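Coordinates as given in final_33.cif (mmCIF, C-alpha atoms):
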```cif
data_model
loop_
_atom_site.label_atom_id
_atom_site.label_comp_id
_atom_site.auth_asym_id
_atom_site.auth_seq_id
_atom_site.Cartn_x
_atom_site.Cartn_y
_atom_site.Cartn_z
CA MET A 4 0.00 0.00 0.00
CA ALA A 5 1.42 3.41 -0.95
CA SER A 6 2.03 5.69 2.00
CA ALA A 7 0.60 9.23 2.09
CA PRO A 8 3.09 11.98 1.14
CA VAL A 9 4.75 13.58 4.14
CA TRP A 10 5.71 17.26 4.17
CA THR A 11 9.27 17.98 5.39
CA ASP A 12 11.23 21.12 6.06
CA ALA A 13 12.73 20.90 2.59
CA GLY A 14 10.16 23.37 1.27
CA PRO A 15 6.79 25.00 1.86
CA PRO A 16 3.69 22.83 2.13
CA PRO A 17 1.68 22.40 -1.04
CA GLU A 18 -1.07 24.92 -1.77
CA PRO A 19 -4.57 23.61 -1.08
CA PRO A 20 -6.74 23.19 -4.16
CA SER A 21 -8.68 26.31 -5.04
CA LEU A 22 -12.45 26.10 -4.72
CA ARG A 23 -14.85 27.91 -7.00
CA ALA A 24 -18.38 28.83 -6.03
CA LEU A 25 -20.92 27.11 -8.19
CA PRO A 26 -22.99 29.49 -10.28
CA SER A 27 -26.48 30.04 -8.92
CA ALA A 28 -29.15 28.15 -10.82
CA ARG A 29 -31.71 30.81 -9.87
CA PRO A 30 -30.51 34.40 -10.44
CA PRO A 31 -31.90 36.95 -7.97
CA ASP A 32 -34.96 38.88 -9.10
CA ALA A 33 -33.12 42.19 -9.16
CA ASP A 34 -30.43 40.75 -11.44
CA LEU A 35 -33.07 39.50 -13.86
CA VAL A 36 -34.74 42.90 -14.01
CA ALA A 37 -31.43 44.66 -14.63
CA ARG A 38 -30.33 42.19 -17.29
CA SER A 39 -33.73 42.23 -18.97
CA VAL A 40 -33.14 45.84 -20.02
CA ASP A 41 -30.73 44.50 -22.67
CA GLU A 42 -32.12 40.95 -22.79
CA PRO A 43 -35.92 41.38 -22.67
CA GLU A 44 -36.60 37.65 -22.83
CA LEU A 45 -35.23 37.25 -19.29
CA PHE A 46 -38.22 39.12 -17.89
CA ALA A 47 -40.36 36.03 -18.54
CA ALA A 48 -38.67 34.32 -15.57
CA LEU A 49 -40.14 36.94 -13.23
CA PHE A 50 -43.61 36.11 -14.50
CA ASP A 51 -43.00 32.43 -13.80
CA ARG A 52 -41.86 33.22 -10.26
CA HIS A 53 -44.45 35.76 -9.14
CA ALA A 54 -47.55 35.53 -11.36
CA GLY A 55 -49.25 33.06 -9.01
CA GLU A 56 -49.04 35.28 -5.93
CA VAL A 57 -50.01 38.44 -7.82
CA HIS A 58 -52.97 36.64 -9.38
CA ARG A 59 -54.21 35.37 -6.00
CA TYR A 60 -54.02 38.89 -4.60
CA LEU A 61 -55.93 40.32 -7.57
CA GLY A 62 -58.45 37.49 -7.52
CA ARG A 63 -59.40 38.25 -3.94
CA ARG A 64 -59.94 41.88 -4.83
CA VAL A 65 -61.55 41.86 -8.28
CA GLY A 66 -62.51 38.27 -9.01
CA ASP A 67 -62.71 37.43 -12.72
CA LEU A 68 -60.86 40.61 -13.68
CA ALA A 69 -57.71 39.15 -12.15
CA ASP A 70 -56.58 37.56 -15.43
CA ASP A 71 -56.70 40.84 -17.33
CA LEU A 72 -55.11 42.87 -14.55
CA LEU A 73 -52.36 40.29 -14.10
CA SER A 74 -51.36 40.67 -17.74
CA GLU A 75 -51.50 44.45 -17.45
CA THR A 76 -49.43 44.38 -14.25
CA PHE A 77 -46.56 42.55 -15.91
CA LEU A 78 -46.82 44.64 -19.07
CA ILE A 79 -46.43 47.83 -17.02
CA ALA A 80 -43.58 46.29 -15.02
CA PHE A 81 -41.84 45.30 -18.26
CA ARG A 82 -42.14 48.82 -19.63
CA ARG A 83 -40.82 50.30 -16.38
CA ARG A 84 -38.07 47.75 -15.79
CA ALA A 85 -35.28 50.27 -16.51
CA ASP A 86 -36.57 52.47 -13.66
CA TYR A 87 -36.70 49.67 -11.06
CA ARG A 88 -34.44 50.27 -8.05
CA PRO A 89 -33.84 47.13 -5.95
CA GLU A 90 -32.47 49.12 -3.00
CA ARG A 91 -35.90 50.71 -2.64
CA LEU A 92 -38.20 47.73 -3.08
CA ASP A 93 -38.06 44.00 -3.80
CA VAL A 94 -39.64 42.74 -7.00
CA ARG A 95 -42.70 41.03 -5.47
CA PRO A 96 -43.88 44.13 -3.54
CA TRP A 97 -43.14 46.22 -6.64
CA LEU A 98 -45.40 44.02 -8.75
CA ILE A 99 -48.17 43.92 -6.14
CA GLY A 100 -47.96 47.71 -5.86
CA ILE A 101 -48.50 48.02 -9.62
CA ALA A 102 -51.43 45.59 -9.37
CA THR A 103 -52.95 47.64 -6.54
CA ASN A 104 -52.83 50.82 -8.59
CA LEU A 105 -54.62 49.01 -11.41
CA VAL A 106 -57.36 47.94 -9.01
CA HIS A 107 -58.14 51.64 -8.48
CA GLY A 108 -59.59 51.76 -11.97
CA HIS A 109 -62.07 49.09 -10.93
CA ALA A 110 -63.02 50.31 -7.46
CA ARG A 111 -66.74 49.96 -8.16
CA THR A 112 -66.25 46.41 -9.39
CA GLU A 113 -64.34 45.59 -6.22
CA ARG A 114 -67.05 47.02 -3.96
CA ARG A 115 -69.79 45.20 -5.88
CA ARG A 116 -67.81 41.98 -5.56
CA TYR A 117 -67.55 42.26 -1.77
CA LYS A 118 -71.25 43.05 -1.45
CA ALA A 119 -72.12 40.07 -3.64
CA LEU A 120 -69.85 37.82 -1.58
CA ALA A 121 -71.47 39.05 1.61
CA ARG A 122 -74.90 38.14 0.23
CA ALA A 123 -73.69 34.78 -1.12
CA ALA A 124 -72.16 33.80 2.20
CA ALA A 125 -75.53 34.31 3.89
CA GLU A 126 -77.38 32.04 1.44
CA PRO A 127 -77.83 28.34 2.23
CA PRO A 128 -75.69 26.02 0.09
CA THR A 129 -77.40 24.53 -2.96
CA ARG A 130 -76.48 21.68 -5.27
CA ASP A 131 -74.72 23.04 -8.33
CA ASP A 132 -72.55 21.14 -10.76
CA ASP A 133 -71.04 24.29 -12.25
CA PRO A 134 -67.34 24.45 -11.13
CA ALA A 135 -67.35 28.24 -11.45
CA ALA A 136 -70.34 28.52 -9.11
CA SER A 137 -68.68 26.18 -6.65
CA ALA A 138 -65.53 28.30 -6.73
CA ASP A 139 -67.60 31.43 -6.06
CA ARG A 140 -69.18 29.80 -3.00
CA TRP A 141 -65.80 28.70 -1.71
CA THR A 142 -64.45 32.27 -2.10
CA ALA A 143 -67.50 33.65 -0.33
CA GLN A 144 -66.97 31.30 2.58
CA ALA A 145 -63.26 32.13 2.72
CA LEU A 146 -63.90 35.86 2.78
CA ARG A 147 -66.87 35.44 5.14
CA GLY A 148 -69.97 37.55 4.71
CA PRO A 149 -69.29 40.13 7.43
CA LEU A 150 -65.67 40.57 6.30
CA ALA A 151 -66.67 41.15 2.69
CA ALA A 152 -69.31 43.64 3.80
CA ALA A 153 -66.78 45.47 5.98
CA LEU A 154 -64.25 45.68 3.15
CA ALA A 155 -66.89 47.18 0.86
CA THR A 156 -67.33 50.12 3.24
CA LEU A 157 -63.64 51.07 3.45
CA HIS A 158 -62.20 53.98 1.52
CA VAL A 159 -60.15 52.55 -1.34
CA ARG A 160 -56.86 53.97 -0.01
CA ASP A 161 -57.44 52.45 3.41
CA ARG A 162 -58.50 49.17 1.85
CA ASP A 163 -55.31 49.14 -0.23
CA VAL A 164 -53.10 49.36 2.85
CA LEU A 165 -55.10 46.81 4.82
CA LEU A 166 -55.09 44.23 2.01
CA LEU A 167 -51.46 44.81 1.04
CA PHE A 168 -50.63 44.04 4.66
CA ALA A 169 -53.02 41.10 5.13
CA TRP A 170 -53.18 39.52 1.66
CA GLY A 171 -50.03 40.87 0.02
CA GLN A 172 -47.97 40.04 3.12
CA LEU A 173 -46.05 43.32 2.86
CA GLY A 174 -44.45 45.22 5.74
CA TYR A 175 -45.00 48.91 6.48
CA ASP A 176 -41.89 50.03 4.60
CA GLU A 177 -42.77 47.88 1.58
CA ILE A 178 -46.32 49.23 1.47
CA ALA A 179 -45.01 52.79 1.69
CA ALA A 180 -42.61 52.19 -1.20
CA ALA A 181 -45.21 50.33 -3.29
CA LEU A 182 -47.77 53.13 -2.92
CA ASP A 183 -45.21 55.95 -2.87
CA VAL A 184 -46.49 57.37 0.43
CA PRO A 185 -44.77 58.01 3.78
CA VAL A 186 -44.64 55.21 6.33
CA GLY A 187 -46.64 57.41 8.69
CA THR A 188 -49.45 57.51 6.14
CA VAL A 189 -49.40 53.73 5.93
CA ARG A 190 -49.70 53.45 9.70
CA SER A 191 -52.60 55.90 9.93
CA ARG A 192 -54.51 54.27 7.05
CA LEU A 193 -53.96 50.81 8.47
CA HIS A 194 -55.08 51.92 11.92
CA ARG A 195 -58.25 53.46 10.49
CA ALA A 196 -59.04 50.40 8.36
CA ARG A 197 -58.53 48.05 11.31
CA ARG A 198 -60.75 50.17 13.51
CA GLN A 199 -63.56 50.01 10.97
CA THR A 200 -63.25 46.27 10.34
CA ARG A 201 -62.99 45.62 14.08
CA ALA A 202 -66.24 47.53 14.59
CA ALA A 203 -67.91 45.25 12.06
CA LEU A 204 -66.27 41.96 13.00
CA GLY A 205 -65.13 42.32 16.59
CA PRO A 206 -61.63 41.62 17.93
CA ALA A 207 -61.45 38.29 16.07
CA SER A 208 -61.09 39.97 12.66
CA PRO A 209 -58.91 37.80 10.37
CA LEU A 210 -57.22 40.98 9.15
CA GLU A 211 -55.88 41.86 12.57
CA GLU A 212 -52.11 41.65 13.11
CA PRO A 213 -51.29 38.66 15.33
CA ARG A 214 -50.26 39.64 18.84
#
```
Target encoding structure tokens, full file:
Amino acid sequence: MASAPVWTDAGPPPEPPSLRALPSARPPDADLVARSVDEPELFAALFDRHAGEVHRYLGRRVGDLADDLLSETFLIAFRRRADYRPERLDVRPWLIGIATNLVHGHARTERRRYKALARAAAEPPTRDDDPAASADRWTAQALRGPLAAALATLHVRDRDVLLLFAWGQLGYDEIAAALDVPVGTVRSRLHRARRQTRAALGPASPLEEPR
């Protein structure tokens, strides 16, 4: 059996083999946005990563309009990709902020949706083989009648902050950056929205921040 080489004082020990970091298989979002300015096809990866979450957020707010607004959200983001600043906001909050601004153009649709969900949640379940109708009932139950009714009464700006926090899972700083308002404005709008929903739902509101 060959013996292992032994270092002696005759010379310096051998250099250890150099190690190279393996390239990341998943480039960071911010890198993709920056590179997509010159390589537009790379922007498609951001859609693959974030379209599901943005669509769920839009679906809760505007229902069937979510498909159209999702496409518009990413189209606007693509057009504005050269202006994106990662030190100010991560990509997901940036996209959800764009989606929220688009919802403003459909504020009446959103209010009508919540009122309809409030009514649907109060109706007894009926047999229906239509998958779309079943999905509507499930959404109504998830939102709960009183919650949907409470959301319908909120001012759209207050509702934005409340739902970005509760459904978009954004922090105060992220909401402020997404809506381009001061953090203090976020806090006051969120406080007002919580007070109104608490009055309608009591202290067990699902939109309350966990203690």
Notebook entry, point to check: Could you work out how far atom CA of Leu182 of chain A lies from atom CA of Gly100 of chain A, giving the answer in Å with one decimal?
Noted result: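 A separation of 6.2 Å between them.
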Next item on the list: Determine, counting all atoms listed in the file, which protein, DNA and RNA residues have an atom within 9 Å of an atom of His107 of chain A; residues of the same chain fewer than 5 positions away are not included. Present the result as an MDAnalysis selection string.
Entry: chainID A and resid 113 159:160
Margin query: What would the selection look like, as a ChimeraX atom specification, if the PyMOL selection byres ((chain A and resi 105) around 12) were run on the coordinates I just shared?
Written below: /A:61,64-65,68-69,71-80,98-104,106-110,113,163,182
Would you write out those residues with C-alpha atoms, as a PDB file, in the frame of the given file?
```
ATOM      1  CA  LEU A  61     -55.930  40.320  -7.570  1.00  0.00           C
ATOM      2  CA  ARG A  64     -59.940  41.880  -4.830  1.00  0.00           C
ATOM      3  CA  VAL A  65     -61.550  41.860  -8.280  1.00  0.00           C
ATOM      4  CA  LEU A  68     -60.860  40.610 -13.680  1.00  0.00           C
ATOM      5  CA  ALA A  69     -57.710  39.150 -12.150  1.00  0.00           C
ATOM      6  CA  ASP A  71     -56.700  40.840 -17.330  1.00  0.00           C
ATOM      7  CA  LEU A  72     -55.110  42.870 -14.550  1.00  0.00           C
ATOM      8  CA  LEU A  73     -52.360  40.290 -14.100  1.00  0.00           C
ATOM      9  CA  SER A  74     -51.360  40.670 -17.740  1.00  0.00           C
ATOM     10  CA  GLU A  75     -51.500  44.450 -17.450  1.00  0.00           C
ATOM     11  CA  THR A  76     -49.430  44.380 -14.250  1.00  0.00           C
ATOM     12  CA  PHE A  77     -46.560  42.550 -15.910  1.00  0.00           C
ATOM     13  CA  LEU A  78     -46.820  44.640 -19.070  1.00  0.00           C
ATOM     14  CA  ILE A  79     -46.430  47.830 -17.020  1.00  0.00           C
ATOM     15  CA  ALA A  80     -43.580  46.290 -15.020  1.00  0.00           C
ATOM     16  CA  LEU A  98     -45.400  44.020  -8.750  1.00  0.00           C
ATOM     17  CA  ILE A  99     -48.170  43.920  -6.140  1.00  0.00           C
ATOM     18  CA  GLY A 100     -47.960  47.710  -5.860  1.00  0.00           C
ATOM     19  CA  ILE A 101     -48.500  48.020  -9.620  1.00  0.00           C
ATOM     20  CA  ALA A 102     -51.430  45.590  -9.370  1.00  0.00           C
ATOM     21  CA  THR A 103     -52.950  47.640  -6.540  1.00  0.00           C
ATOM     22  CA  ASN A 104     -52.830  50.820  -8.590  1.00  0.00           C
ATOM     23  CA  VAL A 106     -57.360  47.940  -9.010  1.00  0.00           C
ATOM     24  CA  HIS A 107     -58.140  51.640  -8.480  1.00  0.00           C
ATOM     25  CA  GLY A 108     -59.590  51.760 -11.970  1.00  0.00           C
ATOM     26  CA  HIS A 109     -62.070  49.090 -10.930  1.00  0.00           C
ATOM     27  CA  ALA A 110     -63.020  50.310  -7.460  1.00  0.00           C
ATOM     28  CA  GLU A 113     -64.340  45.590  -6.220  1.00  0.00           C
ATOM     29  CA  ASP A 163     -55.310  49.140  -0.230  1.00  0.00           C
ATOM     30  CA  LEU A 182     -47.770  53.130  -2.920  1.00  0.00           C
TER      31      LEU A 182
END
```
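Taking atom CA of Val189 of chain A and atom CA of Ala119 of chain A as endpoints, the distance between them is 28.2 Å.
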Note to self: Please return as a ChimeraX atom specification every residue within 10 Å of (-57.7, 44.2, 3.7), taking into account only C-alpha atoms and the file's own coordinates.
What the structure shows: /A:63-64,150-151,153-154,157,161-171,193,196-197,200,209-211
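If you look at atom CA of Ala181 of chain A and atom CA of Glu90 of chain A, they are 12.8 Å away from each other.
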Next item on the list: Give me the result of the PyMOL selection byres ((chain A and resi 118) around 12) on this file, residue by residue, as a ChimeraX atom specification.
Entry: /A:64-65,111-117,119-125,143,146-156
Next item on the list: Find the residues around segment 84-89 of chain A up to 9 Å (all atoms listed in the file counted), leave out those fewer than 4 positions away in its own chain, and share them as a ChimeraX atom specification.
Entry: /A:32-33,36-37,39-40,46,79-80,93-94,97
Next item on the list: Write out as a PyMOL selection string which residues come within 7 Å of Val186 of chain A when counting only C-alpha atoms, dropping same-chain ones fewer than 6 positions away.
Entry: chain A and resi 175-176+179
